[in-house]
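Heads up, my_file03.csv below (CSV, C-alpha atoms):
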```csv
chain,number,residue,atom,x,y,z
S,250,MET,CA,-11.7,18.4,-37.2
S,251,ILE,CA,-12.8,17.7,-33.7
S,252,ASP,CA,-14.1,14.3,-34.7
S,253,ARG,CA,-10.5,13.2,-35.2
S,254,ILE,CA,-9.2,14.7,-32.0
S,255,ALA,CA,-9.5,11.4,-29.9
S,256,GLN,CA,-7.2,9.5,-32.3
S,257,LEU,CA,-4.8,12.4,-32.6
S,258,VAL,CA,-4.4,12.7,-28.8
S,259,ASN,CA,-4.5,9.1,-27.8
S,260,GLU,CA,-1.7,8.2,-30.3
S,261,ASP,CA,0.5,11.0,-28.9
S,262,ALA,CA,2.0,9.9,-25.6
S,263,ALA,CA,3.6,13.4,-25.2
S,264,ILE,CA,0.1,14.9,-24.9
S,265,VAL,CA,-1.5,12.1,-22.9
S,266,ARG,CA,1.1,12.4,-20.1
S,267,TRP,CA,0.0,15.9,-19.4
S,268,GLY,CA,-3.5,14.7,-18.8
S,269,ARG,CA,-2.7,11.7,-16.7
S,270,HIS,CA,-4.7,12.9,-13.8
S,271,MET,CA,-7.6,14.2,-15.7
S,272,ASN,CA,-10.9,12.3,-15.4
S,273,GLU,CA,-13.5,14.7,-16.6
S,274,THR,CA,-16.1,15.4,-19.3
S,275,PHE,CA,-16.0,18.9,-20.9
S,276,MET,CA,-17.9,20.6,-23.6
S,277,VAL,CA,-16.4,22.2,-26.8
S,278,GLU,CA,-18.8,24.3,-28.8
S,279,VAL,CA,-17.9,24.9,-32.5
S,280,GLY,CA,-20.4,27.5,-33.4
S,281,GLU,CA,-23.9,26.0,-32.8
S,282,GLN,CA,-22.5,22.5,-32.7
S,283,GLN,CA,-21.8,21.0,-29.3
S,284,TYR,CA,-19.4,18.2,-28.5
S,285,LEU,CA,-18.7,16.4,-25.2
S,286,LEU,CA,-15.3,15.1,-24.7
S,287,ALA,CA,-14.8,12.5,-22.0
S,288,VAL,CA,-11.2,12.2,-20.7
S,289,HIS,CA,-9.9,9.4,-18.6
S,290,GLY,CA,-6.2,9.4,-17.6
S,291,GLY,CA,-5.3,11.7,-20.4
S,292,LEU,CA,-7.0,9.5,-23.0
S,293,ILE,CA,-10.0,10.7,-24.8
S,294,GLN,CA,-12.6,8.0,-24.3
S,295,SER,CA,-15.3,9.5,-26.4
S,296,VAL,CA,-16.3,12.5,-28.5
S,297,ASP,CA,-20.1,12.8,-28.5
S,298,LYS,CA,-21.8,15.1,-30.9
S,299,GLY,CA,-24.9,17.1,-29.7
S,300,PRO,CA,-27.6,18.2,-29.3
S,301,PHE,CA,-27.7,16.9,-25.8
S,302,VAL,CA,-30.5,16.5,-23.2
S,303,MET,CA,-29.4,16.7,-19.6
S,304,ARG,CA,-25.8,15.7,-20.1
S,305,PRO,CA,-23.4,17.1,-17.4
S,306,TRP,CA,-20.0,18.6,-18.0
S,307,ARG,CA,-17.3,20.2,-15.8
S,308,PHE,CA,-16.5,23.2,-18.0
S,309,ALA,CA,-17.3,24.4,-21.5
S,310,ILE,CA,-15.1,26.1,-24.1
S,311,ARG,CA,-17.3,28.0,-26.6
S,312,ALA,CA,-16.2,29.7,-29.8
S,313,LYS,CA,-17.5,30.4,-33.3
S,314,ALA,CA,-16.8,28.0,-36.1
S,315,GLU,CA,-14.7,30.6,-37.9
S,316,CYS,CA,-12.6,31.1,-34.8
S,317,TRP,CA,-11.8,27.4,-34.5
S,318,GLN,CA,-11.0,27.3,-38.2
S,319,LYS,CA,-8.4,30.1,-37.7
S,320,PHE,CA,-7.1,28.4,-34.6
S,321,TRP,CA,-6.7,25.0,-36.4
S,322,GLN,CA,-4.6,26.4,-39.3
S,323,LYS,CA,-1.3,24.5,-39.6
S,324,ILE,CA,0.5,27.7,-38.7
S,325,PRO,CA,-2.1,30.0,-37.1
S,326,ALA,CA,-1.8,33.7,-37.5
S,327,PRO,CA,-0.7,35.8,-34.5
S,328,GLY,CA,-3.6,36.2,-32.0
S,329,TRP,CA,-5.2,33.0,-33.2
S,330,HIS,CA,-2.5,30.6,-32.0
S,331,ASP,CA,-3.5,29.8,-28.4
S,332,LEU,CA,-6.6,29.3,-26.3
S,333,PHE,CA,-5.7,32.4,-24.2
S,334,ALA,CA,-5.0,34.4,-27.3
S,335,LEU,CA,-8.6,33.8,-28.2
S,336,LEU,CA,-9.6,34.7,-24.7
S,337,ARG,CA,-7.7,38.0,-24.9
S,338,ARG,CA,-9.5,38.9,-28.2
S,339,GLY,CA,-12.9,37.9,-26.7
S,340,GLU,CA,-13.4,35.0,-29.2
S,341,VAL,CA,-13.7,32.3,-26.7
S,342,VAL,CA,-15.8,31.8,-23.5
S,343,PHE,CA,-15.0,29.5,-20.6
S,344,GLU,CA,-17.9,28.4,-18.5
S,345,GLY,CA,-18.3,26.0,-15.6
S,346,ASP,CA,-15.6,24.9,-13.2
S,347,GLN,CA,-12.7,27.1,-13.9
S,348,ARG,CA,-10.5,25.4,-11.3
S,349,VAL,CA,-10.5,22.1,-13.3
S,350,LEU,CA,-9.9,24.0,-16.5
S,351,MET,CA,-6.9,25.8,-15.0
S,352,ALA,CA,-5.6,22.6,-13.4
S,353,HIS,CA,-5.4,20.9,-16.7
S,354,LEU,CA,-4.7,24.0,-18.9
S,355,LEU,CA,-1.5,22.8,-20.5
S,356,TYR,CA,-3.1,19.4,-21.5
S,357,LEU,CA,-6.2,21.2,-22.8
S,358,LYS,CA,-4.1,23.6,-24.9
S,359,LEU,CA,-2.3,20.7,-26.4
S,360,VAL,CA,-5.5,18.7,-27.0
S,361,LEU,CA,-7.3,21.5,-28.7
S,362,ALA,CA,-4.4,22.4,-30.9
S,363,ALA,CA,-4.0,18.7,-32.0
S,364,PRO,CA,-6.2,19.1,-35.1
S,365,ARG,CA,-3.5,21.4,-36.6
S,366,ARG,CA,-1.7,18.3,-37.6
S,367,LEU,CA,-4.4,17.1,-39.9
H,85,MET,CA,32.6,19.3,-22.7
H,86,LYS,CA,31.8,22.9,-23.8
H,87,LEU,CA,32.3,25.5,-21.1
H,88,GLU,CA,30.1,28.5,-21.6
H,89,PRO,CA,31.6,32.0,-20.9
H,90,ILE,CA,28.8,32.8,-18.5
H,91,VAL,CA,29.8,33.3,-14.8
H,92,GLY,CA,27.3,33.3,-12.0
H,93,ARG,CA,27.7,35.0,-8.6
H,94,TYR,CA,25.8,36.1,-5.5
H,95,ALA,CA,25.6,39.7,-4.3
H,96,GLN,CA,24.4,40.8,-0.9
H,97,PHE,CA,23.1,44.3,-0.3
H,98,LYS,CA,20.3,45.8,1.7
H,99,LYS,CA,17.8,43.0,2.5
H,100,TYR,CA,18.7,41.0,-0.6
H,101,ARG,CA,20.8,38.1,-1.7
H,102,ILE,CA,20.8,38.3,-5.4
H,103,TYR,CA,22.0,35.8,-8.0
H,104,PHE,CA,23.3,37.2,-11.2
H,105,GLU,CA,25.1,35.9,-14.3
H,106,GLU,CA,27.5,37.9,-16.6
H,107,ALA,CA,29.6,37.6,-19.6
H,108,GLY,CA,31.7,40.0,-21.7
H,109,GLN,CA,33.3,43.3,-21.2
H,110,GLY,CA,32.6,46.9,-22.2
H,111,ILE,CA,29.3,48.8,-22.0
H,112,PRO,CA,27.2,47.3,-19.2
H,113,LEU,CA,24.0,45.8,-20.5
H,114,LEU,CA,21.6,44.9,-17.7
H,115,CYS,CA,18.9,42.4,-18.6
H,116,LEU,CA,15.6,42.1,-16.9
H,117,HIS,CA,13.6,38.8,-17.0
H,118,THR,CA,9.9,38.4,-17.4
H,119,ALA,CA,7.3,37.9,-14.7
H,120,GLY,CA,7.6,34.6,-12.8
H,121,SER,CA,10.8,33.6,-14.6
H,122,ASP,CA,14.5,34.3,-14.1
H,123,GLY,CA,17.8,35.5,-15.7
H,124,ARG,CA,18.3,32.2,-17.5
H,125,GLN,CA,16.1,33.6,-20.2
H,126,TYR,CA,19.1,35.6,-21.5
H,127,ARG,CA,21.5,32.8,-22.0
H,128,GLY,CA,21.4,33.4,-25.8
H,129,VAL,CA,22.5,37.0,-25.3
H,130,LEU,CA,25.1,36.1,-22.6
H,131,ASN,CA,26.6,33.5,-24.9
H,132,ASP,CA,26.7,35.7,-28.0
H,133,ALA,CA,30.4,36.5,-28.8
H,134,GLN,CA,29.5,39.3,-31.1
H,135,ILE,CA,27.7,41.1,-28.3
H,136,THR,CA,30.0,40.2,-25.4
H,137,LYS,CA,33.0,41.6,-27.4
H,138,ASN,CA,31.7,45.1,-26.6
H,139,PHE,CA,29.1,44.7,-23.9
H,140,ARG,CA,29.3,43.4,-20.3
H,141,VAL,CA,26.0,41.5,-20.3
H,142,ILE,CA,24.5,41.0,-16.8
H,143,ALA,CA,21.2,39.2,-16.0
H,144,PHE,CA,20.1,39.1,-12.4
H,145,ASP,CA,17.3,37.1,-10.8
H,146,MET,CA,14.9,39.4,-9.0
H,147,PRO,CA,14.3,38.5,-5.3
H,148,TRP,CA,11.9,35.6,-5.1
H,149,HIS,CA,13.0,34.4,-8.5
H,150,GLY,CA,15.5,31.9,-9.8
H,151,LYS,CA,18.4,31.5,-7.4
H,152,SER,CA,17.9,34.8,-5.6
H,153,SER,CA,16.4,34.6,-2.1
H,154,PRO,CA,13.2,36.1,-0.9
H,155,PRO,CA,13.8,38.5,2.0
H,156,ALA,CA,13.6,37.2,5.5
H,157,GLY,CA,10.0,36.9,6.6
H,158,TRP,CA,8.6,36.2,3.1
H,159,GLN,CA,6.4,33.5,4.5
H,160,ASN,CA,4.3,36.1,6.4
H,161,GLU,CA,3.1,38.2,3.5
H,162,ASP,CA,2.0,38.1,-0.1
H,163,TYR,CA,4.6,39.0,-2.7
H,164,ARG,CA,3.5,42.1,-4.7
H,165,LEU,CA,5.8,43.8,-7.2
H,166,THR,CA,5.2,47.5,-7.6
H,167,THR,CA,6.6,50.2,-9.9
H,168,ASP,CA,8.5,51.8,-7.0
H,169,SER,CA,10.0,48.5,-5.6
H,170,TYR,CA,10.9,47.3,-9.1
H,171,THR,CA,12.6,50.5,-10.2
H,172,ALA,CA,14.5,50.8,-6.8
H,173,MET,CA,15.7,47.2,-7.1
H,174,ILE,CA,17.1,47.7,-10.6
H,175,MET,CA,18.8,51.0,-9.7
H,176,ASP,CA,20.2,49.6,-6.4
H,177,PHE,CA,21.6,46.6,-8.2
H,178,ALA,CA,23.3,48.8,-10.9
H,179,ARG,CA,24.7,51.1,-8.2
H,180,GLU,CA,26.0,48.2,-6.0
H,181,LEU,CA,27.8,46.8,-9.0
H,182,ALA,CA,29.1,50.3,-9.9
H,183,LEU,CA,27.8,50.0,-13.4
H,184,GLU,CA,28.5,53.2,-15.2
H,185,ARG,CA,25.5,54.4,-17.3
H,186,PRO,CA,24.3,50.9,-18.2
H,187,VAL,CA,22.0,50.0,-21.0
H,188,VAL,CA,18.9,48.4,-19.5
H,189,MET,CA,16.9,45.8,-21.5
H,190,GLY,CA,13.8,44.3,-20.1
H,191,CYS,CA,11.1,42.0,-21.4
H,192,SER,CA,7.4,42.0,-20.5
H,193,ILE,CA,7.3,43.4,-16.9
H,194,GLY,CA,10.9,44.4,-17.7
H,195,GLY,CA,9.6,46.0,-21.0
H,196,ARG,CA,7.2,48.0,-18.9
H,197,ILE,CA,9.6,49.1,-16.2
H,198,VAL,CA,12.1,50.5,-18.8
H,199,LEU,CA,9.4,53.2,-19.4
H,200,ASP,CA,9.5,54.1,-15.7
H,201,LEU,CA,13.3,54.1,-15.8
H,202,ALA,CA,13.0,56.5,-18.8
H,203,LEU,CA,10.9,58.9,-16.8
H,204,LYS,CA,13.0,58.8,-13.5
H,205,HIS,CA,16.5,57.8,-14.4
H,206,ALA,CA,17.2,58.8,-18.0
H,207,ARG,CA,20.4,60.6,-17.2
H,208,GLU,CA,21.9,57.7,-15.3
H,209,LEU,CA,21.3,55.3,-18.2
H,210,ARG,CA,22.9,55.1,-21.7
H,211,ALA,CA,19.9,53.6,-23.5
H,212,LEU,CA,16.8,51.6,-22.8
H,213,ILE,CA,15.5,48.6,-24.7
H,214,GLY,CA,11.9,47.4,-24.1
H,215,LEU,CA,11.0,43.9,-25.3
H,216,GLN,CA,7.2,43.2,-25.5
H,217,THR,CA,6.4,46.6,-24.0
H,218,GLY,CA,2.9,47.7,-23.3
H,219,ALA,CA,2.0,50.7,-21.2
H,220,TYR,CA,-0.8,48.7,-19.5
H,221,VAL,CA,-2.4,45.3,-19.9
H,222,GLU,CA,-5.9,44.9,-18.6
H,223,ARG,CA,-6.7,41.5,-16.9
H,224,TYR,CA,-8.1,39.1,-19.4
H,225,TYR,CA,-8.0,36.0,-17.2
H,226,ASP,CA,-8.3,35.3,-13.5
H,227,ALA,CA,-4.6,35.1,-12.4
H,228,SER,CA,-5.5,34.0,-8.9
H,229,TRP,CA,-5.8,30.4,-10.2
H,230,LEU,CA,-2.0,30.5,-10.7
H,231,ASP,CA,-1.5,30.5,-6.9
H,232,HIS,CA,-4.2,28.1,-5.6
H,233,PRO,CA,-3.7,24.9,-3.6
H,234,GLU,CA,-6.0,22.9,-5.9
H,235,VAL,CA,-4.2,24.0,-9.1
H,236,HIS,CA,-0.5,23.0,-9.6
H,237,GLY,CA,1.2,26.4,-9.9
H,238,GLY,CA,4.1,25.1,-12.0
H,239,ARG,CA,1.8,23.4,-14.5
H,240,ALA,CA,-0.6,26.4,-14.8
H,241,CYS,CA,2.2,29.0,-15.0
H,242,GLY,CA,3.9,26.8,-17.6
H,243,ALA,CA,0.7,26.6,-19.6
H,244,ILE,CA,0.3,30.4,-19.6
H,245,ALA,CA,3.9,30.9,-20.8
H,246,TYR,CA,3.5,28.2,-23.5
H,247,GLY,CA,0.7,30.0,-25.3
H,248,LEU,CA,2.5,33.3,-25.3
H,249,MET,CA,5.2,32.0,-27.7
H,250,SER,CA,5.2,31.8,-31.4
H,251,PRO,CA,4.3,28.5,-33.1
H,252,LEU,CA,7.3,29.2,-35.3
H,253,SER,CA,9.9,29.2,-32.5
H,254,PRO,CA,12.0,26.1,-32.0
H,255,GLU,CA,10.4,23.4,-29.8
H,256,THR,CA,13.4,22.9,-27.6
H,257,GLU,CA,13.8,26.6,-26.7
H,258,ARG,CA,10.0,27.0,-26.2
H,259,TRP,CA,9.8,24.1,-23.8
H,260,GLU,CA,12.9,25.4,-21.9
H,261,THR,CA,11.1,28.7,-21.5
H,262,VAL,CA,8.1,26.8,-20.1
H,263,TRP,CA,10.4,25.0,-17.7
H,264,HIS,CA,11.6,28.2,-16.2
H,265,TYR,CA,7.9,29.1,-15.5
H,266,MET,CA,7.3,25.7,-14.0
H,267,GLN,CA,10.1,26.3,-11.5
H,268,GLY,CA,8.7,29.5,-10.0
H,269,GLY,CA,7.7,29.7,-6.3
H,270,PRO,CA,4.1,29.9,-5.3
H,271,GLY,CA,2.5,33.3,-5.8
H,272,VAL,CA,5.6,34.8,-7.5
H,273,PHE,CA,4.2,35.0,-11.0
H,274,THR,CA,0.9,36.5,-9.7
H,275,GLY,CA,2.9,38.9,-7.5
H,276,ASP,CA,4.7,40.1,-10.6
H,277,LEU,CA,1.4,40.3,-12.6
H,278,HIS,CA,0.1,42.7,-9.9
H,279,PHE,CA,2.6,45.2,-11.3
H,280,TYR,CA,1.8,44.2,-14.9
H,281,GLN,CA,-2.0,44.1,-14.8
H,282,VAL,CA,-3.0,46.2,-11.9
H,283,GLU,CA,-0.6,48.7,-10.3
H,284,GLY,CA,1.9,49.6,-13.1
H,285,ASP,CA,-0.3,51.6,-15.5
H,286,ILE,CA,2.0,54.1,-17.1
H,287,ARG,CA,-0.3,55.3,-19.9
H,288,GLY,CA,-0.8,58.8,-18.5
H,289,ARG,CA,2.9,59.6,-18.2
H,290,LEU,CA,4.3,58.4,-21.6
H,291,GLY,CA,4.4,61.9,-23.0
H,292,ASP,CA,6.9,63.0,-20.4
H,293,ILE,CA,9.6,60.5,-21.6
H,294,ASP,CA,12.6,62.4,-23.0
H,295,THR,CA,14.3,60.1,-25.5
H,296,GLY,CA,16.9,62.9,-26.1
H,297,ALA,CA,18.2,62.2,-22.6
H,298,CYS,CA,18.1,58.4,-23.0
H,299,PRO,CA,17.3,56.7,-26.3
H,300,LEU,CA,14.4,54.2,-26.2
H,301,TYR,CA,14.1,51.1,-28.4
H,302,LEU,CA,11.0,49.0,-28.4
H,303,LEU,CA,11.1,45.5,-30.0
H,304,THR,CA,8.0,43.4,-30.0
H,305,GLY,CA,7.4,39.8,-31.2
H,306,GLU,CA,4.3,39.6,-33.5
H,307,TYR,CA,2.8,36.5,-31.8
H,308,ASP,CA,2.6,38.1,-28.4
H,309,TYR,CA,-1.1,38.7,-27.3
H,310,SER,CA,-0.2,39.9,-23.8
H,311,ALA,CA,1.9,42.9,-25.0
H,312,SER,CA,1.0,42.8,-28.7
H,313,PRO,CA,2.6,44.8,-31.5
H,314,ARG,CA,-0.5,47.0,-31.4
H,315,ASP,CA,0.0,47.7,-27.7
H,316,THR,CA,3.7,48.6,-28.2
H,317,GLU,CA,2.8,50.7,-31.2
H,318,ALA,CA,0.2,52.6,-29.2
H,319,ALA,CA,2.8,53.4,-26.5
H,320,ALA,CA,5.5,54.3,-29.0
H,321,ALA,CA,3.1,56.7,-30.7
H,322,ARG,CA,3.0,58.8,-27.5
H,323,ILE,CA,6.8,58.8,-26.9
H,324,LYS,CA,8.6,61.2,-29.2
H,325,GLY,CA,11.7,59.6,-30.6
H,326,ALA,CA,11.0,56.0,-29.5
H,327,LYS,CA,12.1,53.5,-32.1
H,328,PHE,CA,9.7,50.7,-32.6
H,329,THR,CA,10.3,47.4,-34.4
H,330,VAL,CA,8.0,44.4,-34.9
H,331,MET,CA,10.0,41.1,-34.6
H,332,LYS,CA,8.5,38.7,-37.2
H,333,GLY,CA,7.7,35.2,-36.1
H,334,LEU,CA,8.6,35.8,-32.4
H,335,GLY,CA,6.4,35.8,-29.3
H,336,HIS,CA,6.4,37.1,-25.8
H,337,PHE,CA,9.8,35.6,-24.9
H,338,PRO,CA,12.0,36.5,-27.9
H,339,MET,CA,15.4,36.1,-26.1
H,340,SER,CA,14.6,32.6,-24.8
H,341,GLU,CA,12.0,31.1,-27.3
H,342,ASN,CA,14.2,31.8,-30.3
H,343,PRO,CA,17.6,33.3,-29.4
H,344,GLU,CA,19.0,33.2,-32.9
H,345,ALA,CA,16.1,35.1,-34.5
H,346,PHE,CA,16.1,37.6,-31.6
H,347,LEU,CA,19.9,38.3,-31.8
H,348,GLY,CA,19.3,39.3,-35.4
H,349,TYR,CA,17.1,42.1,-34.2
H,350,LEU,CA,19.2,43.0,-31.1
H,351,ARG,CA,22.7,43.2,-32.5
H,352,PRO,CA,22.0,46.2,-34.8
H,353,VAL,CA,20.3,48.0,-31.9
H,354,LEU,CA,23.3,47.5,-29.7
H,355,GLU,CA,25.6,48.6,-32.5
H,356,GLU,CA,23.6,51.8,-32.9
H,357,ILE,CA,23.8,52.4,-29.1
H,358,ARG,CA,27.6,51.8,-29.1
H,359,ALA,CA,28.0,54.2,-32.0
H,360,THR,CA,26.2,57.1,-30.1
```
Starting from the file, give its structure as structure tokens.
Amino acid sequence: MIDRIAQLVNEDAAIVRWGRHMNETFMVEVGEQQYLLAVHGGLIQSVDKGPFVMRPWRFAIRAKAECWQKFWQKIPAPGWHDLFALLRRGEVVFEGDQRVLMAHLLYLKLVLAAPRRL
Amino acid sequence: MKLEPIVGRYAQFKKYRIYFEEAGQGIPLLCLHTAGSDGRQYRGVLNDAQITKNFRVIAFDMPWHGKSSPPAGWQNEDYRLTTDSYTAMIMDFARELALERPVVMGCSIGGRIVLDLALKHARELRALIGLQTGAYVERYYDASWLDHPEVHGGRACGAIAYGLMSPLSPETERWETVWHYMQGGPGVFTGDLHFYQVEGDIRGRLGDIDTGACPLYLLTGEYDYSASPRDTEAAAARIKGAKFTVMKGLGHFPMSENPEAFLGYLRPVLEEIRAT
């Protein structure tokens, strides 16, 4: 799912506009598998698949594969429908620079929910 | 042009200048908005002819919110909502408007404060309706980022509100609800959350609520993870006579994220209140 996220986001101007001022690389962990997403001006420049050696990132969003699977359902069930819903149930962990994550929270929520359209 | 029946006015009393909107006539129905938002959330109820035929629906913006002013000197202190200040404000407003035994309906922080009103003012009120009621919500994120010079408060508060809604609610209404959050003043949402997530823990007093003196209805949208159906159910289980309903397909802002679906749940409750 996450392999397709760049195309889904970059073709959707309504999402890109919310990330216009974001120029950061962040990590998404789907179970054991790590991904680094590089964002420039709201466009996802690259999605690199780990494992990584000495690659920097500003913040990381980590959850189990089963959690993302429920999150990416076309119509997710209650409690699995939002990044902070996952946070409330202890299914996701945010690490790193929380300020950057919070500054771009709406954009990140829209980006991470984009695979629901697949 | 379509002119809505809603009329907005300002009222001055004590240290406040309060903006409120109303429509309809009959039994007063006082509506309390959520943390960091304002009375516009209730436009669906205010515009509903079936309700306004028998109810005088009133929604006011709390001080610091919407078009209500913060009190003089607000720039010198942090805004912090507390159980006592919130309850006093609601009862003061009802008295100033000479509302006779109003029904009070509140959502989220408003859904919490109706429990306090049930404890302290049951005999002055005709009925209470709690939307998205939880007796307490422990902090599950660091709300201080919502009031930080390096994070845009409007964007961050909007992002918090966005996720609390149901993916089944209409896009237009969901984004209008987000817009209200984006318009809040700095520190206002976090000031309200102080009551919601820190000070306003009412778990220990639920058993003292007398629904015989004032009926209590609790309606909760199933997609809410802040005050989830499970949270409301836990509170309702400790209040004898409380009537609890889960609202299918709705989230934390039922009245504004999907007014039509919400009215389907609200109208029968108001009819029951009117009949008793």
What residues have an atom no more than 6 Å from (18.3, 48.0, -25.2) in the file's own frame, counting only C-alpha atoms, and can you write them as a list in words? Val187, Val188, Met189, Leu212 and Ile213 of chain H
Write out as a PyMOL selection string the residues lying within 9 Å of segment 316-329 of chain S, counting only C-alpha atoms and excluding same-chain residues fewer than 6 positions away. (chain S and resi 250+279-280+335+337-338+340-341+361-367) or (chain H and resi 250-252+306-309+312+333+335)
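These residues, each with an atom at most 8 Å from (24.0, 35.0, -22.3) using all atoms listed in the file, are Ile90, Glu106, Ala107, Arg124, Tyr126, Arg127, Gly128, Val129, Leu130, Asn131, Asp132 and Val141 of chain H.
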Chain S near chain H within 8 Å: what's each residue's closest atom pair and its distance in Å to one decimal, counting all atoms listed in the file, ordered by chain then ascending residue number, as a Markdown table?
```
| residue | atom | partner | partner_atom | distance |
| --- | --- | --- | --- | --- |
| S:Ile324 | CA | H:Pro251 | CA | 6.8 |
| S:Pro325 | CA | H:Pro251 | CA | 7.7 |
| S:Ala326 | CA | H:Tyr307 | CA | 7.8 |
| S:Pro327 | CA | H:Tyr307 | CA | 4.5 |
| S:Gly328 | CA | H:Tyr309 | CA | 5.9 |
| S:His330 | CA | H:Pro251 | CA | 7.2 |
| S:Asp331 | CA | H:Gly247 | CA | 5.2 |
| S:Leu332 | CA | H:Gly247 | CA | 7.4 |
| S:Phe333 | CA | H:Gly247 | CA | 6.9 |
| S:Ala334 | CA | H:Tyr309 | CA | 5.8 |
| S:Leu336 | CA | H:Tyr224 | CA | 7.0 |
| S:Arg337 | CA | H:Tyr224 | CA | 5.6 |
| S:Arg348 | CA | H:Val235 | CA | 6.8 |
| S:Val349 | CA | H:Val235 | CA | 7.8 |
| S:Met351 | CA | H:Ala240 | CA | 6.3 |
| S:Ala352 | CA | H:Val235 | CA | 4.7 |
| S:His353 | CA | H:Ala240 | CA | 7.5 |
| S:Leu354 | CA | H:Ala243 | CA | 6.0 |
| S:Leu355 | CA | H:Ala243 | CA | 4.5 |
| S:Lys358 | CA | H:Ala243 | CA | 7.8 |
```
What separation in Å, quoted to one decimal, exists between atom CA of Leu257 of chain S and atom CA of Leu285 of chain S? 16.2 Å
Calculate how many Å separate atom CA of Leu347 of chain H from atom CA of Ile135 of chain H, rounding to one decimal. 9.0 Å
Non-local contacts of Ser192 of chain H (8 Å; all atoms listed in the file; under 5 positions in same chain excluded) as a VMD selection string: chain H and resid 117 to 119 214 to 218 311 336
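As for atom CA of Gly92 of chain H and atom CA of Phe104 of chain H, they are spaced 5.6 Å apart.
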